[in-house]
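Text of data_4.cif (mmCIF, C-alpha atoms) as supplied:
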data_final
#
loop_
_atom_site.label_atom_id
_atom_site.label_comp_id
_atom_site.auth_asym_id
_atom_site.auth_seq_id
_atom_site.Cartn_x
_atom_site.Cartn_y
_atom_site.Cartn_z
CA MET I 24 100.02 24.05 8.31
CA PHE I 25 100.80 27.63 9.40
CA ILE I 26 99.82 29.29 12.66
CA ARG I 27 100.67 32.63 14.25
CA LEU I 28 104.04 32.98 15.94
CA GLU I 29 103.28 34.65 19.26
CA THR I 30 105.57 36.94 21.24
CA ASN I 31 107.49 34.67 23.62
CA ASP I 32 106.28 31.67 21.59
CA GLU I 33 107.46 28.28 22.80
CA LEU I 34 109.50 27.95 19.62
CA LEU I 35 111.53 31.02 20.69
CA GLY I 36 112.01 29.64 24.20
CA ASP I 37 114.97 27.94 25.81
CA GLY I 38 114.61 24.61 24.06
CA GLY I 39 114.26 23.21 20.57
CA SER I 40 116.22 23.64 17.37
CA PHE I 41 115.65 27.40 17.03
CA LEU I 42 117.85 27.99 20.07
CA THR I 43 120.86 26.64 18.14
CA ASP I 44 120.37 29.35 15.51
CA GLU I 45 119.13 32.07 17.84
CA VAL I 46 122.02 34.51 17.40
CA GLN I 47 121.90 34.17 13.62
CA TYR I 48 118.13 34.75 13.59
CA ASN I 49 117.85 37.09 16.57
CA LEU I 50 115.85 39.69 14.64
CA ILE I 51 112.90 37.30 14.57
CA HIS I 52 112.43 38.04 18.28
CA ARG I 53 111.98 41.72 17.48
CA ILE I 54 109.59 41.16 14.56
CA SER I 55 107.42 38.83 16.66
CA GLU I 56 106.77 41.74 19.04
CA VAL I 57 105.27 43.94 16.31
CA SER I 58 101.46 43.69 16.50
CA ASP I 59 100.76 44.05 12.78
CA ALA I 60 103.69 41.95 11.57
CA LEU I 61 103.09 38.75 9.64
CA SER I 62 104.76 36.27 12.00
CA ILE I 63 103.89 32.63 11.38
CA LYS I 64 105.33 29.18 11.97
CA THR I 65 104.57 25.64 10.91
CA THR I 66 102.54 23.62 13.37
CA ASP I 67 105.53 21.29 13.89
CA ASN I 68 107.83 24.23 14.81
CA ARG I 69 110.22 23.57 11.91
CA MET I 70 109.82 26.93 10.13
CA VAL I 71 109.33 30.60 10.98
CA PHE I 72 108.41 33.38 8.55
CA ALA I 73 108.45 36.86 10.07
CA GLN I 74 107.81 40.10 8.16
CA THR I 75 107.19 43.65 9.27
CA GLN I 76 104.87 45.36 6.80
CA GLY I 77 106.74 46.64 3.75
CA GLN I 78 110.06 45.11 4.84
CA LYS I 79 112.03 42.04 3.83
CA ALA I 80 110.98 38.89 5.65
CA TRP I 81 113.17 36.71 7.85
CA LEU I 82 112.93 32.99 7.19
CA TRP I 83 114.20 30.23 9.47
CA VAL I 84 114.01 26.49 8.88
CA SER I 85 115.24 23.84 11.29
CA LYS I 86 118.41 22.14 10.12
CA GLU I 87 116.69 18.85 10.85
CA THR I 88 114.40 19.45 7.84
CA GLN I 89 115.38 17.64 4.65
CA LEU I 90 115.78 19.67 1.45
CA GLU I 91 112.72 18.15 -0.25
CA GLU I 92 110.65 18.89 2.85
CA GLN I 93 111.93 22.47 2.85
CA LYS I 94 110.92 22.94 -0.77
CA GLU I 95 107.43 21.62 -0.02
CA ILE I 96 107.12 23.99 2.93
CA PHE I 97 108.19 26.92 0.76
CA GLN I 98 105.72 26.05 -1.99
CA ASN I 99 102.94 25.99 0.59
CA LEU I 100 104.24 29.22 2.11
CA VAL I 101 104.26 31.02 -1.25
CA SER I 102 100.65 29.93 -1.80
CA TYR I 103 99.76 31.11 1.71
CA LEU I 104 101.31 34.51 1.04
CA ASN I 105 99.16 34.81 -2.09
CA SER I 106 99.39 38.45 -3.23
CA ASN I 107 101.22 39.77 -0.14
CA GLN I 108 103.89 42.31 -0.98
CA LEU I 109 107.33 40.89 -0.26
CA PRO I 110 110.37 43.05 -1.14
CA GLY I 111 112.84 40.34 -0.22
CA VAL I 112 113.91 37.69 2.25
CA SER I 113 116.75 37.16 4.74
CA GLY I 114 118.06 33.86 6.00
CA ASP I 115 121.03 31.53 5.77
CA LEU I 116 122.20 31.34 2.17
CA GLN I 117 120.69 27.95 1.32
CA THR I 118 117.32 28.73 2.92
CA ALA I 119 117.01 32.22 1.44
CA GLU I 120 118.01 31.12 -2.06
CA MET I 121 115.70 28.11 -2.08
CA PHE I 122 112.73 30.21 -0.99
CA ALA I 123 113.65 33.00 -3.44
CA GLU I 124 113.73 30.49 -6.28
CA VAL I 125 110.27 29.15 -5.43
CA PHE I 126 108.80 32.62 -4.81
CA SER I 127 110.27 34.26 -7.92
CA LYS I 128 109.14 31.40 -10.16
CA LYS I 129 105.59 31.67 -8.79
CA ARG I 130 105.48 35.47 -9.14
CA GLY I 131 107.39 35.67 -12.44
CA ILE I 132 110.10 37.96 -11.07
CA GLY I 133 113.84 37.84 -10.43
CA TYR I 134 115.98 38.08 -7.33
CA GLU I 135 119.47 39.07 -6.30
CA THR I 136 121.59 38.90 -3.15
CA VAL I 137 122.25 42.46 -2.00
CA MET I 138 124.15 41.82 1.23
CA THR I 139 125.63 39.03 3.32
CA MET I 140 126.01 39.62 7.04
CA GLU I 141 127.86 37.71 9.72
CA SER I 142 126.05 37.35 13.03
CA TYR I 143 128.18 37.61 16.16
CA HIS I 144 127.79 37.05 19.88
CA CYS I 145 130.17 38.10 22.63
CA PRO I 146 130.27 35.68 25.58
CA LYS I 147 133.33 37.42 27.07
CA VAL I 148 134.39 40.97 26.27
CA ILE I 149 138.02 41.96 25.70
CA LYS I 150 138.27 45.64 26.49
CA PRO I 151 140.83 47.56 24.40
CA VAL I 152 143.59 49.32 26.32
CA ASN I 153 145.00 52.83 26.09
CA VAL I 154 141.99 54.29 24.30
CA PRO I 155 141.32 57.82 25.55
CA GLY I 156 137.80 58.96 26.29
CA GLU I 157 134.65 57.93 28.12
CA ILE I 158 131.14 56.70 27.47
CA ARG I 159 128.03 58.85 27.87
CA LYS I 160 124.37 58.25 27.11
CA ALA I 161 123.20 60.47 24.25
CA ALA I 162 120.92 63.37 25.22
CA LEU I 163 118.63 65.63 23.21
CA GLU I 164 121.39 68.21 23.14
CA ASP I 165 123.25 65.73 20.90
CA ILE I 166 120.49 65.48 18.29
CA ASP I 167 122.43 67.31 15.55
CA THR I 168 125.51 65.16 16.10
CA VAL I 169 123.48 61.96 16.14
CA ALA I 170 121.59 62.98 12.98
CA THR I 171 124.90 63.65 11.23
CA TYR I 172 126.27 60.30 12.40
CA LEU I 173 123.13 58.49 11.20
CA ALA I 174 123.49 60.08 7.76
CA GLY I 175 127.10 58.89 7.67
CA PHE I 176 126.04 55.43 8.76
CA VAL I 177 123.46 55.21 5.94
CA GLU I 178 126.09 56.22 3.39
CA ASP I 179 128.62 53.70 4.70
CA ALA I 180 126.13 50.83 4.99
CA PHE I 181 124.00 51.36 1.89
CA GLY I 182 125.99 53.72 -0.33
CA THR I 183 123.15 56.24 -0.20
CA SER I 184 123.85 59.91 0.44
CA VAL I 185 121.25 61.58 2.67
CA GLU I 186 121.06 64.95 4.38
CA ALA I 187 121.55 64.96 8.15
CA SER I 188 118.31 66.92 8.49
CA THR I 189 116.37 63.88 7.25
CA GLN I 190 117.72 61.87 10.19
CA ARG I 191 116.67 64.24 12.99
CA SER I 192 113.40 62.46 13.73
CA LYS I 193 115.12 59.08 13.94
CA ALA I 194 117.87 60.61 16.05
CA GLN I 195 115.30 61.97 18.50
CA THR I 196 113.51 58.62 18.71
CA MET I 197 116.74 56.75 19.41
CA ILE I 198 117.89 59.27 22.02
CA GLU I 199 114.54 59.22 23.81
CA ALA I 200 114.58 55.40 23.87
CA GLY I 201 117.58 55.74 26.18
CA ASN I 202 119.84 53.13 24.60
CA LEU I 203 122.05 55.29 22.39
CA TYR I 204 125.57 56.01 23.61
CA LEU I 205 128.45 58.22 22.53
CA TRP I 206 132.20 57.98 23.09
CA LEU I 207 133.63 61.31 24.14
CA VAL I 208 137.18 62.60 23.88
CA ASP I 209 137.82 65.95 25.55
CA GLU I 210 134.04 66.09 26.10
CA LYS I 211 133.35 65.93 22.34
CA PRO I 212 131.56 62.99 20.62
CA VAL I 213 133.77 60.86 18.37
CA SER I 214 131.76 57.62 18.01
CA MET I 215 128.23 56.23 18.41
CA ALA I 216 126.58 52.87 19.16
CA ASN I 217 123.10 51.76 20.12
CA ILE I 218 121.49 48.88 22.02
CA SER I 219 118.56 48.39 19.70
CA HIS I 220 116.69 45.47 21.27
CA ARG I 221 116.72 43.03 24.15
CA SER I 222 115.43 39.50 23.67
CA PRO I 223 115.25 36.83 26.42
CA ARG I 224 118.92 35.88 26.18
CA HIS I 225 120.60 38.56 24.04
CA ALA I 226 120.87 42.30 23.48
CA ARG I 227 121.46 43.49 19.91
CA ILE I 228 123.88 46.32 19.18
CA ASN I 229 123.54 48.39 16.02
CA ALA I 230 124.19 51.85 14.51
CA VAL I 231 127.91 51.65 15.30
CA TYR I 232 129.49 54.65 13.60
CA THR I 233 132.67 56.71 13.80
CA PRO I 234 133.26 59.72 11.51
CA VAL I 235 136.16 59.24 9.08
CA MET I 236 138.29 61.86 10.84
CA HIS I 237 138.13 59.89 14.11
CA ARG I 238 138.68 56.36 12.80
CA LYS I 239 141.62 54.07 13.53
CA ASN I 240 141.81 55.33 17.14
CA GLY I 241 139.90 52.50 18.81
CA TYR I 242 136.92 54.66 19.76
CA ALA I 243 134.25 52.33 18.35
CA SER I 244 136.00 49.33 19.94
CA ALA I 245 136.06 51.03 23.33
CA LEU I 246 132.42 52.11 23.07
CA VAL I 247 131.08 48.73 21.95
CA ALA I 248 133.16 47.01 24.64
CA GLU I 249 131.58 49.21 27.31
CA LEU I 250 128.11 48.40 25.96
CA CYS I 251 129.02 44.70 26.16
CA VAL I 252 130.00 45.09 29.81
CA MET I 253 126.69 46.83 30.44
CA ILE I 254 124.74 44.08 28.66
CA HIS I 255 126.56 41.33 30.56
CA SER I 256 125.65 43.07 33.83
CA GLU I 257 121.98 42.61 32.83
CA GLY I 258 122.51 38.85 32.48
CA LEU I 259 122.31 39.00 28.66
CA VAL I 260 124.79 38.22 25.87
CA PRO I 261 125.66 40.98 23.36
CA MET I 262 125.10 40.22 19.68
CA LEU I 263 125.18 42.12 16.40
CA TYR I 264 125.23 41.79 12.63
CA ALA I 265 128.10 43.00 10.43
CA ASP I 266 128.30 43.29 6.64
CA ILE I 267 131.01 40.83 5.53
CA SER I 268 132.06 43.26 2.79
CA ASN I 269 133.49 45.53 5.51
CA PRO I 270 136.50 43.62 6.90
CA ASP I 271 137.55 46.50 9.16
CA SER I 272 134.34 46.49 11.21
CA ASN I 273 134.34 42.69 11.40
CA LYS I 274 137.90 42.78 12.74
CA VAL I 275 136.95 45.38 15.33
CA TYR I 276 134.21 43.13 16.70
CA GLN I 277 136.37 40.01 16.65
CA ASN I 278 139.15 41.80 18.54
CA ILE I 279 136.85 42.65 21.45
CA GLY I 280 135.51 39.11 21.79
CA PHE I 281 132.70 38.67 19.27
CA ILE I 282 132.46 35.16 17.82
CA GLU I 283 131.05 34.31 14.38
CA SER I 284 127.62 32.74 14.73
CA GLY I 285 126.35 32.22 11.19
CA LYS I 286 125.88 34.19 7.99
CA ILE I 287 122.64 35.78 6.82
CA ALA I 288 121.99 36.50 3.14
CA GLU I 289 119.68 39.38 2.28
CA ILE I 290 117.89 38.81 -1.03
CA LYS I 291 115.88 41.40 -2.95
CA PHE I 292 113.13 40.54 -5.43
CA VAL I 293 113.27 42.48 -8.69
CA GLY I 294 110.93 42.92 -11.62
#

Is it possible to express this structure as structure tokens?
Amino acid sequence: MFIRLETNDELLGDGGSFLTDEVQYNLIHRISEVSDALSIKTTDNRMVFAQTQGQKAWLWVSKETQLEEQKEIFQNLVSYLNSNQLPGVSGDLQTAEMFAEVFSKKRGIGYETVMTMESYHCPKVIKPVNVPGEIRKAALEDIDTVATYLAGFVEDAFGTSVEASTQRSKAQTMIEAGNLYLWLVDEKPVSMANISHRSPRHARINAVYTPVMHRKNGYASALVAELCVMIHSEGLVPMLYADISNPDSNKVYQNIGFIESGKIAEIKFVG
């Protein structure tokens, strides 16, 4: 019933029901590229389960699948997973909750929704006006600034306080990947954003962060808008995920042309 989901699998191509949900489930493209990830699909292309080792899985089911059929698929999937470690699952609310119910009952554990994200895509960018500053690709000389920004991002996103020094390695990796950008005012960084992955039709933006002292000036909007222009020039469509509990960031994205493309619930297994 289950077979491996290959990188550039036909299911992820330019046809079929997955394409309708592609923005919402864009991260599946990235997971499918990881060699040791557990990436599988049903033989009829109606379900994808994709999990990087030690991380929450992403679960997609075609909307053409009836609820009873979904439940049967999930029961078979839970049996297939056997004793595999699964910290949680992400998917549209109905899919994630139905799987979580089946999985938790089988394993004798509980579950809780820890975050709900809105997925967005930007077919046409609306650049903000009268925002001072300019974009620049981050360089190794910016590693301390980027590490500090990453620590701030972790605290904002997850409520966890970390030292900037713990983020230096990640900062270096992101800088060396060549897709991390800063917004500068008077030659000093005031905001950060990253193009984290490119799939066949989209480029995903993440790690958008502005220090508190520089917020409400339009810097993040200007920076993300410039990244969108850059992505469009590559023939791709920008997309990103935003925590719905942060209305300010969602408004920023909507104001520069991002369109809601479906919610993703992130569920954690407990016990």

| said: Given only C-alpha atoms as the basis, pick out the residue of I:Lys211, I:His220, I:Arg53, I:Arg69 nearest to Pro155 of chain I. | reply: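 Between I:Lys211, I:His220, I:Arg53, I:Arg69, the residue approaching Pro155 of chain I most closely is I:Lys211.
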
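One distance worth recording is that between atom CA of Val125 of chain I and atom CA of Ile51 of chain I, which is 21.8 Å.
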
| query | For this file, the PyMOL selection byres ((chain I and resi 242-248) around 8) selects which residues, as a count of residues only? | reply | 30

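Atom pair atom CA of Asn31 of chain I / atom CA of Ile254 of chain I: separated by 20.3 Å.
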
| field | Counting only C-alpha atoms, the option among I:Ser102, I:Ser55, I:Gln108, I:Asn269 closest to Gln78 of chain I | value |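 Of I:Ser102, I:Ser55, I:Gln108, I:Asn269, the one nearest Gln78 of chain I is I:Gln108, counting only C-alpha atoms.
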
For Ile287 of chain I: contacts at 9 Å, only C-alpha atoms, fewer than 6 positions along chain excluded, given as a PDB file with C-alpha atoms, in the frame of the given file:
ATOM      1  CA  GLN I  47     121.900  34.170  13.620  1.00  0.00           C
ATOM      2  CA  TYR I  48     118.130  34.750  13.590  1.00  0.00           C
ATOM      3  CA  SER I 113     116.750  37.160   4.740  1.00  0.00           C
ATOM      4  CA  GLY I 114     118.060  33.860   6.000  1.00  0.00           C
ATOM      5  CA  ASP I 115     121.030  31.530   5.770  1.00  0.00           C
ATOM      6  CA  LEU I 116     122.200  31.340   2.170  1.00  0.00           C
ATOM      7  CA  ALA I 119     117.010  32.220   1.440  1.00  0.00           C
ATOM      8  CA  MET I 138     124.150  41.820   1.230  1.00  0.00           C
ATOM      9  CA  THR I 139     125.630  39.030   3.320  1.00  0.00           C
ATOM     10  CA  MET I 140     126.010  39.620   7.040  1.00  0.00           C
ATOM     11  CA  GLU I 141     127.860  37.710   9.720  1.00  0.00           C
ATOM     12  CA  SER I 142     126.050  37.350  13.030  1.00  0.00           C
ATOM     13  CA  TYR I 264     125.230  41.790  12.630  1.00  0.00           C
TER      14      TYR I 264
END

| Need the neighbours of (106.6, 40.9, 9.6): which residues are at most 6 Å away, counting only C-alpha atoms, as a PyMOL selection string? | chain I and resi 54+60-62+73-76

| Selection result for the PyMOL selection byres ((chain I and resi 39) around 12) on this file, as a list of chain:residue names |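 Going through the file, the PyMOL selection byres ((chain I and resi 39) around 12) ends up selecting I:Asp32, I:Glu33, I:Leu34, I:Leu35, I:Gly36, I:Asp37, I:Gly38, I:Ser40, I:Phe41, I:Leu42, I:Thr43, I:Asp44, I:Glu45, I:Asp67, I:Asn68, I:Arg69, I:Met70, I:Ser85, I:Lys86, I:Glu87.
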
| task | Provide the atom CA of Gly111 of chain I to atom CA of Tyr143 of chain I distance in Å, to one decimal place. | result |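 One can read the atom CA of Gly111 of chain I to atom CA of Tyr143 of chain I distance as 22.6 Å.
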
| field | Top pick for closest residue to Gln277 of chain I, considering I:Ala200, I:Pro146, I:Phe25, I:Thr30 and counting all atoms listed in the file | value |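 Result for the nearest residue to Gln277 of chain I: I:Pro146.
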
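Neighbourhood of point (121.0, 62.5, 17.2): residues with an atom at most 8 Å away, counting all atoms listed in the file, are Ala161, Leu163, Asp165, Ile166, Asp167, Thr168, Val169, Ala170, Thr171, Tyr172, Leu173, Gln190, Arg191, Lys193, Ala194, Gln195, Met197 and Ile198 of chain I.
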
| request: Pick out the closest residue to Lys94 of chain I from this set: I:Thr118, I:Asn107, I:Ser219, I:Thr183. Count all atoms listed in the file. | output: I:Thr118

| message | I'd like the neighbourhood of Val185 of chain I as an MDAnalysis selection string, where a residue qualifies if any of its atoms comes within 10 Å (using all atoms listed in the file), though same-chain residues fewer than 3 positions away should be ignored. | response | chainID I and resid 171 173:178 182 188:190

Expansion of the PyMOL selection byres ((chain I and resi 130) around 12) into residues, as a PDB file with C-alpha atoms, in the coordinates of the input:
ATOM      1  CA  GLN I  98     105.720  26.050  -1.990  1.00  0.00           C
ATOM      2  CA  VAL I 101     104.260  31.020  -1.250  1.00  0.00           C
ATOM      3  CA  SER I 102     100.650  29.930  -1.800  1.00  0.00           C
ATOM      4  CA  LEU I 104     101.310  34.510   1.040  1.00  0.00           C
ATOM      5  CA  ASN I 105      99.160  34.810  -2.090  1.00  0.00           C
ATOM      6  CA  SER I 106      99.390  38.450  -3.230  1.00  0.00           C
ATOM      7  CA  ASN I 107     101.220  39.770  -0.140  1.00  0.00           C
ATOM      8  CA  GLN I 108     103.890  42.310  -0.980  1.00  0.00           C
ATOM      9  CA  LEU I 109     107.330  40.890  -0.260  1.00  0.00           C
ATOM     10  CA  ALA I 123     113.650  33.000  -3.440  1.00  0.00           C
ATOM     11  CA  GLU I 124     113.730  30.490  -6.280  1.00  0.00           C
ATOM     12  CA  VAL I 125     110.270  29.150  -5.430  1.00  0.00           C
ATOM     13  CA  PHE I 126     108.800  32.620  -4.810  1.00  0.00           C
ATOM     14  CA  SER I 127     110.270  34.260  -7.920  1.00  0.00           C
ATOM     15  CA  LYS I 128     109.140  31.400 -10.160  1.00  0.00           C
ATOM     16  CA  LYS I 129     105.590  31.670  -8.790  1.00  0.00           C
ATOM     17  CA  GLY I 131     107.390  35.670 -12.440  1.00  0.00           C
ATOM     18  CA  ILE I 132     110.100  37.960 -11.070  1.00  0.00           C
ATOM     19  CA  GLY I 133     113.840  37.840 -10.430  1.00  0.00           C
ATOM     20  CA  TYR I 134     115.980  38.080  -7.330  1.00  0.00           C
ATOM     21  CA  PHE I 292     113.130  40.540  -5.430  1.00  0.00           C
ATOM     22  CA  VAL I 293     113.270  42.480  -8.690  1.00  0.00           C
ATOM     23  CA  GLY I 294     110.930  42.920 -11.620  1.00  0.00           C
TER      24      GLY I 294
END

| Who sits within 6 Å of Ile63 of chain I, all atoms listed in the file, same chain under 2 positions skipped, as a list in words | Ile26, Arg27, Leu28, Val71 and Phe72 of chain I

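For the choices I:Met253, I:Leu203, I:Ala288, I:Met24, the atom-to-atom distance to Gln117 of chain I is smallest for I:Ala288 when using only C-alpha atoms.
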
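Closest approach to Glu283 of chain I among I:Asn49, I:Lys64, I:Met262, I:Glu56: I:Met262, based on all atoms listed in the file.
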
Using the partial input, fill out segment 88-114 of chain I with N, CA, C and O atoms; write the result as an mmCIF file, in the coordinates of the input.
data_model
loop_
_atom_site.group_PDB
_atom_site.id
_atom_site.type_symbol
_atom_site.label_atom_id
_atom_site.label_comp_id
_atom_site.auth_asym_id
_atom_site.auth_seq_id
_atom_site.Cartn_x
_atom_site.Cartn_y
_atom_site.Cartn_z
ATOM 1 N N THR I 88 115.345 19.601 8.946
ATOM 2 C CA THR I 88 114.400 19.450 7.840
ATOM 3 C C THR I 88 115.136 19.116 6.544
ATOM 4 O O THR I 88 116.054 19.832 6.143
ATOM 5 N N GLN I 89 114.741 18.047 5.903
ATOM 6 C CA GLN I 89 115.380 17.640 4.650
ATOM 7 C C GLN I 89 115.049 18.638 3.530
ATOM 8 O O GLN I 89 114.030 19.335 3.572
ATOM 9 N N LEU I 90 115.923 18.690 2.515
ATOM 10 C CA LEU I 90 115.780 19.670 1.450
ATOM 11 C C LEU I 90 114.435 19.551 0.730
ATOM 12 O O LEU I 90 113.796 20.564 0.409
ATOM 13 N N GLU I 91 114.003 18.328 0.431
ATOM 14 C CA GLU I 91 112.720 18.150 -0.250
ATOM 15 C C GLU I 91 111.564 18.632 0.621
ATOM 16 O O GLU I 91 110.577 19.190 0.119
ATOM 17 N N GLU I 92 111.688 18.405 1.927
ATOM 18 C CA GLU I 92 110.650 18.890 2.850
ATOM 19 C C GLU I 92 110.647 20.415 2.893
ATOM 20 O O GLU I 92 109.579 21.041 2.947
ATOM 21 N N GLN I 93 111.845 21.012 2.860
ATOM 22 C CA GLN I 93 111.930 22.470 2.850
ATOM 23 C C GLN I 93 111.229 23.031 1.613
ATOM 24 O O GLN I 93 110.468 24.003 1.710
ATOM 25 N N LYS I 94 111.510 22.438 0.473
ATOM 26 C CA LYS I 94 110.920 22.940 -0.770
ATOM 27 C C LYS I 94 109.400 22.847 -0.716
ATOM 28 O O LYS I 94 108.687 23.772 -1.158
ATOM 29 N N GLU I 95 108.881 21.775 -0.153
ATOM 30 C CA GLU I 95 107.430 21.620 -0.020
ATOM 31 C C GLU I 95 106.859 22.692 0.905
ATOM 32 O O GLU I 95 105.806 23.284 0.624
ATOM 33 N N ILE I 96 107.560 22.949 2.004
ATOM 34 C CA ILE I 96 107.120 23.990 2.930
ATOM 35 C C ILE I 96 107.083 25.345 2.232
ATOM 36 O O ILE I 96 106.126 26.120 2.374
ATOM 37 N N PHE I 97 108.115 25.617 1.436
ATOM 38 C CA PHE I 97 108.190 26.920 0.760
ATOM 39 C C PHE I 97 107.100 27.060 -0.302
ATOM 40 O O PHE I 97 106.548 28.140 -0.487
ATOM 41 N N GLN I 98 106.799 25.983 -0.996
ATOM 42 C CA GLN I 98 105.720 26.050 -1.990
ATOM 43 C C GLN I 98 104.389 26.344 -1.306
ATOM 44 O O GLN I 98 103.592 27.155 -1.804
ATOM 45 N N ASN I 99 104.157 25.713 -0.162
ATOM 46 C CA ASN I 99 102.940 25.990 0.590
ATOM 47 C C ASN I 99 102.942 27.411 1.149
ATOM 48 O O ASN I 99 101.905 28.083 1.187
ATOM 49 N N LEU I 100 104.124 27.878 1.560
ATOM 50 C CA LEU I 100 104.240 29.220 2.110
ATOM 51 C C LEU I 100 103.954 30.274 1.038
ATOM 52 O O LEU I 100 103.238 31.258 1.293
ATOM 53 N N VAL I 101 104.491 30.074 -0.147
ATOM 54 C CA VAL I 101 104.260 31.020 -1.250
ATOM 55 C C VAL I 101 102.770 31.089 -1.573
ATOM 56 O O VAL I 101 102.213 32.172 -1.810
ATOM 57 N N SER I 102 102.093 29.947 -1.560
ATOM 58 C CA SER I 102 100.650 29.930 -1.800
ATOM 59 C C SER I 102 99.907 30.655 -0.674
ATOM 60 O O SER I 102 98.949 31.394 -0.917
ATOM 61 N N TYR I 103 100.368 30.455 0.546
ATOM 62 C CA TYR I 103 99.760 31.110 1.710
ATOM 63 C C TYR I 103 99.905 32.627 1.619
ATOM 64 O O TYR I 103 98.982 33.379 1.950
ATOM 65 N N LEU I 104 101.067 33.076 1.146
ATOM 66 C CA LEU I 104 101.310 34.510 1.040
ATOM 67 C C LEU I 104 100.448 35.154 -0.035
ATOM 68 O O LEU I 104 100.175 36.360 0.024
ATOM 69 N N ASN I 105 100.048 34.357 -1.026
ATOM 70 C CA ASN I 105 99.160 34.810 -2.090
ATOM 71 C C ASN I 105 99.688 36.086 -2.738
ATOM 72 O O ASN I 105 100.761 36.095 -3.320
ATOM 73 N N SER I 106 98.979 37.198 -2.583
ATOM 74 C CA SER I 106 99.390 38.450 -3.230
ATOM 75 C C SER I 106 100.119 39.401 -2.277
ATOM 76 O O SER I 106 100.308 40.569 -2.598
ATOM 77 N N ASN I 107 100.503 38.921 -1.098
ATOM 78 C CA ASN I 107 101.220 39.770 -0.140
ATOM 79 C C ASN I 107 102.463 40.376 -0.782
ATOM 80 O O ASN I 107 103.186 39.711 -1.525
ATOM 81 N N GLN I 108 102.700 41.643 -0.484
ATOM 82 C CA GLN I 108 103.890 42.310 -0.980
ATOM 83 C C GLN I 108 105.108 41.836 -0.186
ATOM 84 O O GLN I 108 105.110 41.877 1.038
ATOM 85 N N LEU I 109 106.122 41.388 -0.902
ATOM 86 C CA LEU I 109 107.330 40.890 -0.260
ATOM 87 C C LEU I 109 108.553 41.434 -0.995
ATOM 88 O O LEU I 109 108.916 40.928 -2.060
ATOM 89 N N PRO I 110 109.209 42.458 -0.457
ATOM 90 C CA PRO I 110 110.370 43.050 -1.140
ATOM 91 C C PRO I 110 111.578 42.140 -1.208
ATOM 92 O O PRO I 110 112.421 42.277 -2.091
ATOM 93 N N GLY I 111 111.680 41.213 -0.240
ATOM 94 C CA GLY I 111 112.840 40.340 -0.220
ATOM 95 C C GLY I 111 112.792 39.404 0.967
ATOM 96 O O GLY I 111 111.794 39.350 1.702
ATOM 97 N N VAL I 112 113.862 38.662 1.164
ATOM 98 C CA VAL I 112 113.910 37.690 2.250
ATOM 99 C C VAL I 112 115.333 37.597 2.783
ATOM 100 O O VAL I 112 116.307 37.750 2.042
ATOM 101 N N SER I 113 115.453 37.348 4.094
ATOM 102 C CA SER I 113 116.750 37.160 4.740
ATOM 103 C C SER I 113 116.772 35.823 5.451
ATOM 104 O O SER I 113 115.777 35.420 6.075
ATOM 105 N N GLY I 114 117.901 35.148 5.341
ATOM 106 C CA GLY I 114 118.060 33.860 6.000
ATOM 107 C C GLY I 114 119.423 33.300 5.665
ATOM 108 O O GLY I 114 120.198 33.939 4.944
#
